[in-house]
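Here's the structure we're looking at; comments come further down.
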Amino acid sequence: MLPIKTLTRIALPAAIALGLSACAPAPFKADVSRFAVPLPAPAGQTFAVVAENPRLAGGLEFGTYANEVAEELQKLGYTRAASPESADMLVRLDYRVDGGRERVRTSPGVGGFGGFGPWGPWGPWGGWGGWGGGWGFGFNDPFFGGPDVRSYTIYTSGVDVKIDRRVDGVRLFEGKAEAVSRSNRLPRLVPNLVDALFTDFPGNSGETVRITIRDDEKTVRPVD
């Protein structure tokens with residue numbers, strides 16, 4: 001049997017690694033659906049971002065998110081107009097997050113550490129201090145105990161973008177991005193949703209794709 005000092009050197013780094021991996025930021029995932037007629041190729045056309053919901057118009061929050069959309073369109077080569085009245089295209093923006101719902105998740109203990117592997121009470125390294133002793137690996141230990149049961153709130157957020165030709169109101173594009181996450185903070189969610197919506201813009205009309213945004217890359221795959 002390995003001495004306690006050796007076991008401590010093995011166990012603590014493992015516990016720390018597990019803790020760090022649990023705290024690592026998860027990638028942002030959004031389901032994106034888009035419908036479009038052939039958009040005019042950028043050739044000096046102008047656009048203005050307006051609120052689909054009149055209650056949002058003129059607000060500082062809306063202005064922040066409108067700038068996010070405008071930046072994406074400017075990257076594509078379109079020009080932001082001085083006012084909606086002078087724009088070639090009107091970009092109608094809406095965003096939302098619901099009130100949340102509870103989710104309960106049960107997961108087993110970390111493989112082998114919950115009691116039956118080498119760290120469990122029947123393994124060669126389990127049960128420091130015996131069944132009723134002090135802290136040790138095995139059943140009910142603070143790191144590798146039994147099933148992990150957690151209850152938390154998840155929220156569904158979304159961004160809708162519609163693009164109309166201003167002169168006659170013809171609809172050129174409709175798109176929406178939706179995500180389920182543990183955050184309900186729109187200042188964090190909306191920029192990610194806009195980023196997802198404009199990934200591979202305008203996309204294939206009628207297709208829904210899952211956009212995964214990481215710090216260093218994006219992935220796009222069709223939704224089954």
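By order in the structure tokens, chains are A, B, ...; within a chain, residues start at 1; ligands start at 1, following the order shown.
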Which residues are close to region 48-58 of chain A, i.e. within 6 Å by only C-alpha atoms, leaving aside same-chain residues fewer than 2 positions away? Reply as a list in words.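 Close residues of region 48-58 of chain A: Ala66, Arg80, Ala81, Pro84, Ala87, Leu90, Val91, Arg92, Leu93 and Asp94 of chain A.
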From the options A:Gly169, A:Gly77, A:Gly59, A:Pro38, which residue's atoms come nearest to Met89 (chain A), counting only C-alpha atoms? A:Gly169
Show me, as a list in words, the residues that have an atom within 9 Å of region 202-211 of chain A when counting only C-alpha atoms, minus same-chain residues fewer than 2 positions from it. Phe28, Lys29, Ala30, Asp31, Val32, Ser33, Arg34, Phe35, Ala36, Val37, Pro38, Leu39, Phe173, Gly175, Ala196, Leu197, Phe198, Thr199, Asp200, Ile213, Lys218, Thr219, Val220, Arg221, Pro222, Val223 and Asp224 of chain A
Considering only C-alpha atoms, return as JSON, numbers by chain whatever protein or nucleic-acid residues lie within 9 Å of region 97-104 of chain A, sequence-local ones (same chain, fewer than 6 positions apart) excluded. {"A": [149, 150, 151, 152, 153, 154, 155, 156, 157, 158, 182, 184, 185, 186, 189]}
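Residue nearest Phe47 (chain A), chosen from A:Glu71, A:Asp160, A:Asp148, A:Asp195 and counting only C-alpha atoms: A:Glu71.
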A:Ala26, A:Val180, A:Val190, A:Leu73: which is nearest Ile163 (chain A), counting only C-alpha atoms? A:Leu73
CA of Glu72 (chain A) to CA of Pro42 (chain A), distance in Å rounded to a single decimal: 12.9 Å
Across A:Thr46, A:Phe62, A:Asp88, A:Glu217, the smallest distance to Asp168 (chain A), with only C-alpha atoms counted, is shown by A:Asp88
